[in-house]
file start_8.txt (compact mmCIF, C-alpha atoms)
# COMPACT_ATOMS: atom_id res chain seq x y z
CA MET A 1 -13.08 -20.89 -11.08
CA PRO A 2 -15.49 -22.03 -8.34
CA TYR A 3 -17.55 -19.49 -6.43
CA THR A 4 -20.00 -19.51 -3.58
CA ALA A 5 -22.85 -17.04 -3.53
CA GLU A 6 -23.36 -14.74 -0.56
CA SER A 7 -27.04 -13.95 -0.26
CA GLY A 8 -28.20 -10.34 -0.41
CA THR A 9 -24.91 -8.68 -1.31
CA GLY A 10 -24.76 -9.08 -5.08
CA GLN A 11 -21.34 -10.67 -4.77
CA ARG A 12 -19.39 -13.90 -4.91
CA HIS A 13 -16.04 -14.88 -3.49
CA GLY A 14 -13.48 -16.56 -5.71
CA THR A 15 -10.87 -19.22 -5.14
CA ARG A 16 -8.21 -19.57 -7.80
CA GLY A 17 -7.34 -22.98 -9.10
CA ASP A 18 -3.55 -22.44 -8.93
CA GLY A 19 -3.02 -22.59 -5.18
CA VAL A 20 -3.29 -18.85 -4.47
CA PRO A 21 -6.43 -18.46 -2.37
CA GLY A 22 -8.83 -15.64 -3.01
CA ILE A 23 -6.90 -13.70 -5.69
CA VAL A 24 -8.55 -13.41 -9.11
CA LYS A 25 -5.83 -12.15 -11.45
CA PRO A 26 -2.96 -14.32 -12.74
CA LEU A 27 0.21 -14.23 -10.62
CA PRO A 28 3.10 -15.24 -12.90
CA PRO A 29 6.16 -16.01 -10.75
CA GLU A 30 8.37 -13.65 -12.73
CA LEU A 31 6.13 -10.76 -11.55
CA PHE A 32 4.99 -11.80 -8.08
CA VAL A 33 5.92 -13.61 -4.91
CA ALA A 34 2.82 -15.25 -3.44
CA HIS A 35 2.23 -14.96 0.31
CA ASP A 36 -0.88 -16.93 1.26
CA THR A 37 -3.80 -14.58 0.34
CA ASN A 38 -1.38 -11.85 -0.79
CA ALA A 39 0.92 -11.21 -3.75
CA GLU A 40 4.11 -9.13 -3.66
CA THR A 41 5.40 -7.30 -6.73
CA ARG A 42 8.96 -8.23 -7.69
CA TRP A 43 11.04 -5.06 -7.95
CA GLU A 44 13.07 -6.49 -10.82
CA ALA A 45 9.78 -6.55 -12.78
CA MET A 46 9.46 -2.76 -12.37
CA GLY A 47 12.21 -1.90 -14.83
CA GLY A 48 10.78 0.01 -17.78
CA VAL A 49 7.28 -0.01 -16.32
CA GLY A 50 6.94 3.78 -16.07
CA TYR A 51 5.59 5.92 -13.27
CA HIS A 52 2.32 4.02 -12.77
CA VAL A 53 2.27 0.33 -11.90
CA PRO A 54 -0.06 -1.54 -14.27
CA ALA A 55 -2.91 -3.35 -12.55
CA GLU A 56 -1.53 -6.70 -13.70
CA ARG A 57 1.73 -5.97 -11.78
CA PHE A 58 0.24 -4.20 -8.76
CA PHE A 59 0.64 -5.99 -5.41
CA VAL A 60 -2.40 -7.54 -3.73
CA ARG A 61 -3.14 -7.28 0.00
CA ASN A 62 -6.20 -9.30 1.03
CA HIS A 63 -7.22 -10.07 4.58
CA THR A 64 -9.52 -12.78 3.21
CA SER A 65 -10.47 -13.13 -0.47
CA THR A 66 -11.42 -10.95 -3.41
CA PRO A 67 -15.21 -10.60 -3.76
CA ILE A 68 -16.79 -10.51 -7.21
CA ILE A 69 -19.39 -7.74 -7.00
CA ASP A 70 -22.15 -6.80 -9.40
CA ALA A 71 -21.84 -3.02 -9.84
CA ALA A 72 -25.50 -2.76 -10.88
CA ALA A 73 -26.56 -4.24 -7.51
CA TRP A 74 -23.91 -2.41 -5.47
CA ARG A 75 -24.94 0.37 -3.09
CA LEU A 76 -22.87 2.68 -0.91
CA ARG A 77 -24.72 3.33 2.34
CA LEU A 78 -23.85 6.43 4.39
CA HIS A 79 -25.16 6.36 7.94
CA GLY A 80 -24.41 7.46 11.49
CA SER A 81 -24.85 10.19 14.08
CA GLY A 82 -22.63 12.59 12.13
CA LEU A 83 -25.06 12.92 9.23
CA ARG A 84 -28.23 15.00 8.86
CA ALA A 85 -29.48 13.11 5.79
CA PRO A 86 -28.19 9.50 5.68
CA ARG A 87 -28.57 8.03 2.21
CA ASP A 88 -27.41 5.50 -0.37
CA PHE A 89 -25.56 5.97 -3.65
CA GLY A 90 -25.66 3.60 -6.61
CA TYR A 91 -22.77 3.02 -8.98
CA ALA A 92 -24.25 5.04 -11.86
CA GLU A 93 -25.09 7.92 -9.53
CA LEU A 94 -21.55 7.97 -8.14
CA LEU A 95 -20.10 8.07 -11.66
CA SER A 96 -22.33 11.03 -12.50
CA LEU A 97 -20.77 13.21 -9.77
CA PRO A 98 -17.78 15.53 -10.42
CA ALA A 99 -14.59 13.48 -10.37
CA VAL A 100 -10.89 14.01 -9.74
CA THR A 101 -7.81 12.11 -10.93
CA ARG A 102 -4.78 11.67 -8.66
CA ASP A 103 -1.48 9.79 -8.68
CA VAL A 104 -1.31 8.13 -5.27
CA MET A 105 0.76 5.35 -3.73
CA ILE A 106 -0.92 2.49 -1.92
CA GLU A 107 1.43 0.70 0.49
CA CYS A 108 0.86 -1.96 3.11
CA ALA A 109 1.95 -0.93 6.61
CA GLY A 110 3.92 -4.18 6.77
CA ASN A 111 5.98 -3.44 3.66
CA GLY A 112 9.58 -4.35 4.47
CA ARG A 113 8.53 -6.60 7.37
CA SER A 114 10.94 -9.44 6.51
CA LEU A 115 13.87 -7.03 6.84
CA PHE A 116 13.41 -6.85 10.61
CA ALA A 117 14.60 -10.47 10.67
CA SER A 118 17.08 -10.57 7.78
CA GLN A 119 18.70 -7.18 8.42
CA GLN A 120 18.16 -6.49 12.13
CA GLY A 121 17.93 -10.03 13.53
CA GLN A 122 14.53 -9.40 15.15
CA GLU A 123 11.47 -11.63 15.20
CA VAL A 124 8.16 -10.26 13.91
CA ILE A 125 4.86 -11.80 12.87
CA GLY A 126 2.85 -11.25 9.69
CA THR A 127 3.24 -11.53 5.93
CA PRO A 128 6.99 -11.49 5.15
CA TRP A 129 6.97 -8.69 2.59
CA ARG A 130 10.34 -7.45 1.37
CA LEU A 131 9.63 -4.09 -0.35
CA GLY A 132 7.08 -5.09 -2.99
CA ALA A 133 3.88 -4.24 -1.11
CA ALA A 134 3.78 -0.75 -2.61
CA GLY A 135 2.65 0.76 -5.89
CA VAL A 136 1.57 4.01 -7.51
CA ALA A 137 -1.47 4.16 -9.78
CA ARG A 138 -3.56 6.90 -11.35
CA TRP A 139 -6.88 6.79 -9.50
CA ARG A 140 -10.07 8.48 -10.65
CA GLY A 141 -13.13 8.94 -8.51
CA VAL A 142 -15.36 11.21 -6.49
CA PRO A 143 -13.96 13.19 -3.56
CA LEU A 144 -15.28 11.63 -0.36
CA SER A 145 -16.10 15.16 0.77
CA THR A 146 -18.68 15.39 -2.03
CA VAL A 147 -20.76 12.43 -0.87
CA LEU A 148 -20.35 13.38 2.78
CA ARG A 149 -21.77 16.83 2.10
CA LEU A 150 -24.62 15.37 0.03
CA ALA A 151 -25.43 13.22 3.07
CA GLY A 152 -25.36 16.26 5.34
CA VAL A 153 -22.18 15.79 7.35
CA THR A 154 -22.61 17.75 10.59
CA PRO A 155 -20.16 20.20 12.17
CA ASP A 156 -19.75 17.88 15.18
CA ALA A 157 -18.79 14.81 13.12
CA VAL A 158 -15.38 13.49 14.23
CA ASP A 159 -14.79 10.09 12.58
CA VAL A 160 -15.61 8.43 9.28
CA MET A 161 -15.40 4.62 9.08
CA PRO A 162 -15.65 2.84 5.69
CA ARG A 163 -16.24 -0.92 5.66
CA GLY A 164 -15.42 -3.37 2.89
CA LEU A 165 -17.57 -6.06 1.32
CA ASP A 166 -14.94 -8.78 1.57
CA PRO A 167 -15.67 -11.81 3.79
CA HIS A 168 -15.35 -11.61 7.57
CA TYR A 169 -11.79 -11.83 8.84
CA VAL A 170 -11.35 -14.72 11.28
CA GLU A 171 -8.15 -15.34 13.22
CA ALA A 172 -7.57 -17.97 15.92
CA GLY A 173 -11.30 -18.62 16.03
CA VAL A 174 -12.19 -14.95 16.55
CA ASP A 175 -14.50 -13.32 13.99
CA PHE A 176 -13.43 -9.69 13.61
CA GLY A 177 -16.04 -8.90 10.98
CA ARG A 178 -15.40 -7.12 7.73
CA VAL A 179 -12.30 -4.97 7.33
CA ARG A 180 -12.96 -1.42 8.51
CA ARG A 181 -11.12 1.43 10.20
CA PRO A 182 -11.97 5.02 11.10
CA ILE A 183 -10.24 8.10 9.77
CA PRO A 184 -10.69 11.62 11.16
CA VAL A 185 -13.36 13.67 9.42
CA ALA A 186 -10.76 16.35 8.67
CA LYS A 187 -8.77 13.86 6.57
CA ALA A 188 -11.94 12.52 4.96
CA LEU A 189 -12.91 16.03 3.85
CA ASP A 190 -9.41 16.85 2.64
CA ASP A 191 -8.01 14.58 -0.08
CA VAL A 192 -9.68 11.14 0.18
CA ILE A 193 -11.45 9.85 -2.92
CA LEU A 194 -13.95 7.11 -3.70
CA ALA A 195 -12.10 5.63 -6.65
CA TYR A 196 -13.73 3.65 -9.43
CA GLU A 197 -10.88 3.73 -11.99
CA MET A 198 -7.26 2.59 -11.85
CA ASN A 199 -4.92 3.75 -14.62
CA GLY A 200 -7.83 4.80 -16.82
CA ARG A 201 -9.88 1.60 -16.49
CA PRO A 202 -12.53 0.33 -14.06
CA LEU A 203 -10.96 -1.10 -10.93
CA PRO A 204 -10.01 -4.77 -11.27
CA PRO A 205 -11.65 -7.07 -8.69
CA ASP A 206 -8.44 -7.55 -6.68
CA HIS A 207 -8.02 -3.77 -6.38
CA GLY A 208 -11.47 -2.88 -5.15
CA TYR A 209 -14.10 -3.12 -7.91
CA PRO A 210 -16.50 -1.45 -8.09
CA VAL A 211 -15.40 1.29 -5.63
CA ARG A 212 -12.62 1.69 -3.08
CA LEU A 213 -11.22 4.45 -0.93
CA VAL A 214 -7.86 6.01 -1.76
CA VAL A 215 -6.36 7.77 1.26
CA PRO A 216 -3.19 9.60 0.18
CA SER A 217 -0.06 9.23 2.35
CA TRP A 218 -1.76 6.88 4.83
CA ILE A 219 -1.11 3.17 5.35
CA GLY A 220 -2.81 0.97 2.78
CA LEU A 221 -5.35 -0.41 5.26
CA ALA A 222 -7.09 2.99 5.29
CA SER A 223 -7.77 2.70 1.55
CA ILE A 224 -10.60 0.22 2.08
CA LYS A 225 -11.36 -1.92 -0.98
CA TRP A 226 -14.87 -2.94 -2.12
CA VAL A 227 -16.37 -0.27 0.16
CA GLY A 228 -20.05 -0.94 0.92
CA ASP A 229 -20.93 1.42 3.73
CA ILE A 230 -19.48 4.39 5.57
CA GLU A 231 -20.38 5.31 9.14
CA VAL A 232 -20.02 8.99 10.04
CA SER A 233 -20.05 9.57 13.78
CA ALA A 234 -20.26 12.50 16.19
CA SER A 235 -18.24 10.41 18.67
CA PRO A 236 -14.91 8.60 18.21
CA LEU A 237 -15.02 5.24 16.41
CA SER A 238 -12.74 2.23 16.65
CA SER A 239 -12.38 -1.23 15.12
CA PRO A 240 -10.10 -4.23 15.65
CA TRP A 241 -7.91 -2.64 12.97
CA THR A 242 -7.18 0.25 15.34
CA THR A 243 -7.18 -1.66 18.64
CA GLU A 244 -5.83 -5.17 18.00
CA PHE A 245 -3.90 -4.57 14.78
CA TYR A 246 -2.07 -1.74 13.03
CA ARG A 247 -0.59 -0.34 16.21
CA MET A 248 2.96 -0.57 17.45
CA PHE A 249 3.65 -3.10 20.21
CA GLY A 250 7.13 -3.65 21.60
CA ALA A 251 9.79 -2.45 24.01
CA ALA A 252 9.98 1.00 22.38
CA TYR A 253 6.21 1.60 22.80
CA PRO A 254 3.70 1.95 25.66
CA PRO A 255 2.55 -1.33 27.26
CA ARG A 256 -0.86 -1.07 25.57
CA GLY A 257 0.65 -0.13 22.24
CA GLY A 258 1.16 3.08 20.30
CA GLU A 259 -1.51 5.12 18.61
CA PRO A 260 -3.29 3.60 15.59
CA LEU A 261 -1.06 3.89 12.53
CA SER A 262 -1.89 6.62 10.06
CA THR A 263 0.73 8.18 7.76
CA GLN A 264 3.39 6.16 6.00
CA ASN A 265 7.09 6.86 6.46
CA ILE A 266 10.06 7.09 4.09
CA ARG A 267 11.53 4.27 1.96
CA SER A 268 13.66 3.49 -1.10
CA ALA A 269 13.96 0.44 -3.34
CA PHE A 270 16.17 -0.63 -6.25
CA GLU A 271 14.54 -1.96 -9.43
CA LEU A 272 16.79 -4.96 -9.13
CA ALA A 273 16.47 -8.61 -8.17
CA TRP A 274 17.47 -9.52 -4.63
CA GLY A 275 20.84 -11.20 -5.00
CA ALA A 276 21.26 -10.02 -8.61
CA ARG A 277 24.43 -10.96 -10.49
CA LEU A 278 26.14 -8.11 -12.38
CA ALA A 279 29.03 -8.34 -14.83
CA ALA A 280 32.34 -6.79 -13.80
CA GLY A 281 33.91 -4.19 -16.06
CA HIS A 282 30.59 -3.10 -17.58
CA PRO A 283 28.56 0.04 -16.75
CA HIS A 284 25.22 -0.68 -15.10
CA VAL A 285 22.43 1.87 -14.72
CA LEU A 286 20.94 1.17 -11.30
CA ARG A 287 17.39 2.46 -11.07
CA GLY A 288 15.12 2.85 -8.09
CA ARG A 289 12.25 4.69 -6.49
CA SER A 290 11.81 6.57 -3.21
CA TRP A 291 8.69 7.80 -1.43
CA SER A 292 7.45 9.28 1.84
CA GLY A 293 4.13 9.83 3.56
CA GLY A 294 5.54 13.07 4.89
CA GLY A 295 5.96 14.90 1.58
CA ARG A 296 7.98 15.15 -1.63
CA ILE A 297 11.34 13.43 -1.84
CA THR A 298 14.02 16.11 -2.17
CA GLY A 299 17.08 13.93 -2.55
CA VAL A 300 18.41 10.37 -2.73
CA GLN A 301 21.92 9.16 -1.99
CA VAL A 302 23.23 5.77 -3.05
CA SER A 303 26.06 3.71 -1.61
CA LEU A 304 27.67 0.99 -3.70
CA ASP A 305 30.00 -0.26 -0.97
CA GLY A 306 27.77 -1.06 2.00
CA GLY A 307 27.61 2.49 3.33
CA ALA A 308 31.31 3.38 3.27
CA THR A 309 30.77 6.12 0.68
CA TRP A 310 27.69 7.84 -0.79
CA ARG A 311 26.89 9.61 -4.03
CA PRO A 312 23.78 11.56 -5.12
CA ALA A 313 21.31 9.81 -7.40
CA GLN A 314 19.76 11.67 -10.31
CA LEU A 315 16.03 12.22 -9.82
CA HIS A 316 13.81 12.28 -12.89
CA GLY A 317 10.20 12.23 -14.04
CA SER A 318 7.13 13.03 -11.96
CA HIS A 319 7.86 14.15 -8.44
CA LEU A 320 4.64 14.04 -6.43
CA SER A 321 4.05 14.12 -2.69
CA PRO A 322 1.62 11.21 -2.25
CA ALA A 323 3.44 9.04 -4.80
CA TRP A 324 7.13 8.42 -5.51
CA VAL A 325 10.11 9.73 -7.45
CA ARG A 326 12.30 7.67 -9.78
CA TRP A 327 16.10 7.93 -9.76
CA HIS A 328 19.21 6.31 -11.14
CA VAL A 329 23.00 6.07 -10.78
CA THR A 330 25.59 4.49 -13.05
CA TRP A 331 28.04 1.93 -11.65
CA CYS A 332 30.94 0.16 -13.34
CA PRO A 333 32.27 -2.37 -10.80
CA ARG A 334 35.81 -3.60 -11.44
CA VAL A 335 36.22 -6.18 -8.69
CA THR A 336 34.20 -9.37 -8.46
CA GLY A 337 32.52 -10.52 -5.26
CA PRO A 338 29.57 -9.67 -3.01
CA TYR A 339 28.36 -6.10 -2.55
CA GLU A 340 25.61 -4.32 -0.62
CA LEU A 341 23.79 -1.54 -2.46
CA MET A 342 22.03 1.07 -0.33
CA ALA A 343 19.69 3.98 -1.09
CA ARG A 344 18.84 6.71 1.42
CA ALA A 345 16.13 9.31 0.77
CA VAL A 346 15.23 12.61 2.40
CA ASP A 347 11.86 14.35 2.11
CA GLU A 348 10.76 17.97 2.26
CA THR A 349 10.17 17.78 6.03
CA GLY A 350 13.83 16.84 6.55
CA ALA A 351 13.02 13.20 7.38
CA VAL A 352 15.87 10.88 6.40
CA GLN A 353 15.87 7.11 6.25
CA PRO A 354 17.53 5.83 9.46
CA ASP A 355 20.10 3.08 9.87
CA ARG A 356 17.67 0.99 11.95
CA THR A 357 13.94 0.85 12.59
CA PRO A 358 12.74 0.40 16.19
CA HIS A 359 11.43 -3.11 16.61
CA ASN A 360 7.70 -3.72 16.87
CA ARG A 361 5.92 -7.06 17.20
CA PHE A 362 3.93 -6.85 13.96
CA GLY A 363 6.82 -5.54 11.88
CA TYR A 364 5.14 -2.34 10.72
CA LEU A 365 6.72 0.68 9.01
CA PHE A 366 10.23 -0.60 8.32
CA ASP A 367 11.97 2.55 7.07
CA ALA A 368 15.67 1.78 7.62
CA VAL A 369 18.12 1.97 4.73
CA VAL A 370 17.95 -1.43 3.06
CA ARG A 371 21.09 -3.40 2.33
CA HIS A 372 20.41 -4.87 -1.12
CA PRO A 373 22.79 -7.78 -1.88
CA VAL A 374 24.30 -8.27 -5.33
CA THR A 375 27.26 -10.24 -6.64
CA VAL A 376 29.67 -8.96 -9.26
CA VAL A 377 30.92 -11.75 -11.52
CA ASN A 378 33.25 -12.05 -14.47
CA ALA A 379 31.47 -11.39 -17.75
call {"tool": "encode", "arguments": {"input": "start_8.txt", "output": "structure tokens"}}
result
Amino acid sequence: MPYTAESGTGQRHGTRGDGVPGIVKPLPPELFVAHDTNAETRWEAMGGVGYHVPAERFFVRNHTSTPIIDAAAWRLRLHGSGLRAPRDFGYAELLSLPAVTRDVMIECAGNGRSLFASQQGQEVIGTPWRLGAAGVARWRGVPLSTVLRLAGVTPDAVDVMPRGLDPHYVEAGVDFGRVRRPIPVAKALDDVILAYEMNGRPLPPDHGYPVRLVVPSWIGLASIKWVGDIEVSASPLSSPWTTEFYRMFGAAYPPRGGEPLSTQNIRSAFELAWGARLAAGHPHVLRGRSWSGGGRITGVQVSLDGGATWRPAQLHGSHLSPAWVRWHVTWCPRVTGPYELMARAVDETGAVQPDRTPHNRFGYLFDAVVRHPVTVVNA
């Protein structure tokens, strides 16, 4: 695997030899769909996986490429007008601080983007994810509030902006710098963690080694990977990822775009191949998962006939707010032919998956009930 050194950062950037640029881990086609610098988890590969998605099956969202960072040389620099005592933290020092463990979903804001075109007939731009840009892991790390207080966060601090150590993002000849985006100090002090473990092991390179942010219930962009510095400011901060990208543009939104995206919305997915073939006259246990940035899922309904009728799914297992809930229904189709399976979730705020998602140019936050095609065939 060839690498090029980047002076002064203690890191290298990798290019795989199998045609998938910038991703380190293997991407077997039975587990992933490759999208340029990204890799989407196949939902049919989720069957029997359990509540947490193993790192080797977890989707990858890279703006550029995965850096290979030496943890011994890594430093986290805290700086800015919202701190009384700016300072650095090393990896060993961070690991010595009191830690927390949380089950949290990470999900790209563009998850479901391809469905704007295939289901609603609308053009969008960006990586054509179906629903596999989402996953729950067990993250362990230090509350961001801990390091902010050690650096003397001031009462007038308003924004906290972490920045990654991945290469600069360049699009159409414009260098936007390293990936970064501000979050309000209130959120930073609430439930955000600086994670160094994923499912009980050190973070893999593609998922942020040595340290990443995990921002529960927010779009995945906020959970900056390979974090190298954090600016804390007494005045509002912005970045191209809150001005140019990750905002809603389209007929349903103001001419200059909506507010920067923050919390995720509500979705459901079947653990089933797209276009799966199922045998007629045999019972099939259809499994799936539902989640919401707004709170715990309180119910899921499933339609096996394209929305003509609905039945409740049985929820089971862990049932956490910033993660997902698993569910299942049993179906014994008698008639061969094409079908559309649908799952519709509701969360504790009363939010329900809609029939359509308002169009936006970048295809963000597709939350409509998905029409999952299957074909019933003779055994």
call {"tool": "axis_aligned_box", "arguments": {"input": "start_8.txt", "around": "region 148-155 of chain A", "padding_each_side": "6 Å", "output": "lines of an AutoDock Vina configuration file"}}
result
center_x = -22.8
center_y = 16.7
center_z = 6.1
size_x = 17.3
size_y = 19.0
size_z = 24.1
call {"tool": "atom_distance", "arguments": {"input": "start_8.txt", "atom1": "CA of Val179 (chain A)", "atom2": "CA of Ile69 (chain A)"}}
result
16.2 Å
call {"tool": "closest_residue", "arguments": {"input": "start_8.txt", "among": "A:Ala323, A:Leu221, A:Ala368, A:Ala73", "to": "Ala345 (chain A)", "atoms": "only C-alpha atoms"}}
result
A:Ala368
call {"tool": "residues_around", "arguments": {"input": "start_8.txt", "residues": "Ala151 (chain A)", "least_positions_apart": "6", "cutoff": "9 Å", "atoms": "only C-alpha atoms", "output": "number ranges by chain"}}
result
A: 78-79, 83-88
call {"tool": "closest_residue", "arguments": {"input": "start_8.txt", "among": "A:Arg311, A:Arg149, A:Arg61, A:Arg277", "to": "Gly337 (chain A)", "atoms": "all atoms listed in the file"}}
result
A:Arg277
call {"tool": "residues_around", "arguments": {"input": "start_8.txt", "residues": "Gly250 (chain A)", "least_positions_apart": "6", "cutoff": "9 Å", "atoms": "only C-alpha atoms", "output": "list in words"}}
result
Gly257, Pro358, His359, Asn360, Arg361 and Phe362 of chain A
call {"tool": "write_last_selection", "arguments": {"input": "start_8.txt", "atoms": "C-alpha atoms", "output": "compact mmCIF listing (two decimals), in the coordinates of the input"}}
result
# COMPACT_ATOMS: atom_id res chain seq x y z
CA GLY A 257 0.65 -0.13 22.24
CA PRO A 358 12.74 0.40 16.19
CA HIS A 359 11.43 -3.11 16.61
CA ASN A 360 7.70 -3.72 16.87
CA ARG A 361 5.92 -7.06 17.20
CA PHE A 362 3.93 -6.85 13.96
call {"tool": "atom_distance", "arguments": {"input": "start_8.txt", "atom1": "CA of Glu30 (chain A)", "atom2": "CA of Trp129 (chain A)"}}
result
16.2 Å
call {"tool": "residues_around", "arguments": {"input": "start_8.txt", "residues": "Ser262 (chain A)", "least_positions_apart": "6", "cutoff": "9 Å", "atoms": "all atoms listed in the file", "output": "PDB file with C-alpha atoms, keeping the file's coordinate frame"}}
result
ATOM      1  CA  ILE A 183     -10.240   8.100   9.770  1.00  0.00           C
ATOM      2  CA  SER A 217      -0.060   9.230   2.350  1.00  0.00           C
ATOM      3  CA  TRP A 218      -1.760   6.880   4.830  1.00  0.00           C
ATOM      4  CA  ILE A 219      -1.110   3.170   5.350  1.00  0.00           C
ATOM      5  CA  ALA A 222      -7.090   2.990   5.290  1.00  0.00           C
ATOM      6  CA  TYR A 246      -2.070  -1.740  13.030  1.00  0.00           C
TER       7      TYR A 246
END
call {"tool": "residues_near_point", "arguments": {"input": "start_8.txt", "point": "(-23.4, -1.3, -5.3)", "cutoff": "9 Å", "atoms": "all atoms listed in the file", "output": "ChimeraX atom specification"}}
result
/A:9-10,69-76,89-91,210-211,227-228
call {"tool": "residues_around", "arguments": {"input": "start_8.txt", "residues": "Phe32 (chain A)", "least_positions_apart": "4", "cutoff": "7 Å", "atoms": "all atoms listed in the file", "output": "NGL selection string"}}
result
:A and (27-28 or 39-42)
call {"tool": "atom_distance", "arguments": {"input": "start_8.txt", "atom1": "CA of Gln264 (chain A)", "atom2": "CA of Gly295 (chain A)"}}
result
10.1 Å
call {"tool": "closest_residue", "arguments": {"input": "start_8.txt", "among": "A:Glu171, A:Asp166, A:Asp305, A:Glu244", "to": "Gly208 (chain A)", "atoms": "all atoms listed in the file"}}
result
A:Asp166
call {"tool": "closest_residue", "arguments": {"input": "start_8.txt", "among": "A:Val346, A:Val104, A:Leu341, A:Leu94", "to": "Trp274 (chain A)", "atoms": "only C-alpha atoms"}}
result
A:Leu341
call {"tool": "closest_residue", "arguments": {"input": "start_8.txt", "among": "A:Leu115, A:Ala343, A:Val325, A:Val370", "to": "Pro312 (chain A)", "atoms": "only C-alpha atoms"}}
result
A:Ala343
call {"tool": "closest_residue", "arguments": {"input": "start_8.txt", "among": "A:Ala269, A:Val24, A:Val300, A:Val335", "to": "Asn111 (chain A)", "atoms": "all atoms listed in the file"}}
result
A:Ala269
call {"tool": "residues_around", "arguments": {"input": "start_8.txt", "residues": "Ser223 (chain A)", "least_positions_apart": "3", "cutoff": "6 Å", "atoms": "only C-alpha atoms", "output": "list in words"}}
result
Leu213, Val214, Val215 and Gly220 of chain A
call {"tool": "residues_near_point", "arguments": {"input": "start_8.txt", "point": "(1.7, 11.1, 14.5)", "cutoff": "12 Å", "atoms": "only C-alpha atoms", "output": "number ranges by chain"}}
result
A: 218, 247, 258-265, 293-294
call {"tool": "build_atoms", "arguments": {"input": "start_8.txt", "residues": "region 230-244 of chain A", "atoms": "N, CA and C atoms", "output": "mmCIF file, keeping the file's coordinate frame"}}
result
data_model
loop_
_atom_site.group_PDB
_atom_site.id
_atom_site.type_symbol
_atom_site.label_atom_id
_atom_site.label_comp_id
_atom_site.auth_asym_id
_atom_site.auth_seq_id
_atom_site.Cartn_x
_atom_site.Cartn_y
_atom_site.Cartn_z
ATOM 1 N N ILE A 230 -20.331 3.455 4.853
ATOM 2 C CA ILE A 230 -19.480 4.390 5.570
ATOM 3 C C ILE A 230 -20.277 4.953 6.750
ATOM 4 N N GLU A 231 -19.766 4.734 7.948
ATOM 5 C CA GLU A 231 -20.380 5.310 9.140
ATOM 6 C C GLU A 231 -19.706 6.647 9.443
ATOM 7 N N VAL A 232 -20.518 7.665 9.677
ATOM 8 C CA VAL A 232 -20.020 8.990 10.040
ATOM 9 C C VAL A 232 -20.552 9.288 11.437
ATOM 10 N N SER A 233 -19.654 9.530 12.376
ATOM 11 C CA SER A 233 -20.050 9.570 13.780
ATOM 12 C C SER A 233 -19.669 10.886 14.450
ATOM 13 N N ALA A 234 -20.540 11.321 15.364
ATOM 14 C CA ALA A 234 -20.260 12.500 16.190
ATOM 15 C C ALA A 234 -19.456 12.131 17.429
ATOM 16 N N SER A 235 -19.108 10.858 17.585
ATOM 17 C CA SER A 235 -18.240 10.410 18.670
ATOM 18 C C SER A 235 -17.149 9.526 18.080
ATOM 19 N N PRO A 236 -16.017 9.374 18.765
ATOM 20 C CA PRO A 236 -14.910 8.600 18.210
ATOM 21 C C PRO A 236 -15.301 7.157 17.916
ATOM 22 N N LEU A 237 -14.776 6.614 16.820
ATOM 23 C CA LEU A 237 -15.020 5.240 16.410
ATOM 24 C C LEU A 237 -13.729 4.428 16.519
ATOM 25 N N SER A 238 -13.892 3.119 16.644
ATOM 26 C CA SER A 238 -12.740 2.230 16.650
ATOM 27 C C SER A 238 -13.149 0.921 15.986
ATOM 28 N N SER A 239 -12.153 0.100 15.669
ATOM 29 C CA SER A 239 -12.380 -1.230 15.120
ATOM 30 C C SER A 239 -11.199 -2.088 15.536
ATOM 31 N N PRO A 240 -11.278 -3.402 15.341
ATOM 32 C CA PRO A 240 -10.100 -4.230 15.650
ATOM 33 C C PRO A 240 -8.854 -3.796 14.894
ATOM 34 N N TRP A 241 -9.044 -3.090 13.771
ATOM 35 C CA TRP A 241 -7.910 -2.640 12.970
ATOM 36 C C TRP A 241 -7.302 -1.347 13.507
ATOM 37 N N THR A 242 -7.832 -0.859 14.623
ATOM 38 C CA THR A 242 -7.180 0.250 15.340
ATOM 39 C C THR A 242 -6.912 -0.103 16.799
ATOM 40 N N THR A 243 -7.418 -1.254 17.256
ATOM 41 C CA THR A 243 -7.180 -1.660 18.640
ATOM 42 C C THR A 243 -6.274 -2.884 18.724
ATOM 43 N N GLU A 244 -6.612 -3.936 17.964
ATOM 44 C CA GLU A 244 -5.830 -5.170 18.000
ATOM 45 C C GLU A 244 -4.664 -5.162 17.024
#
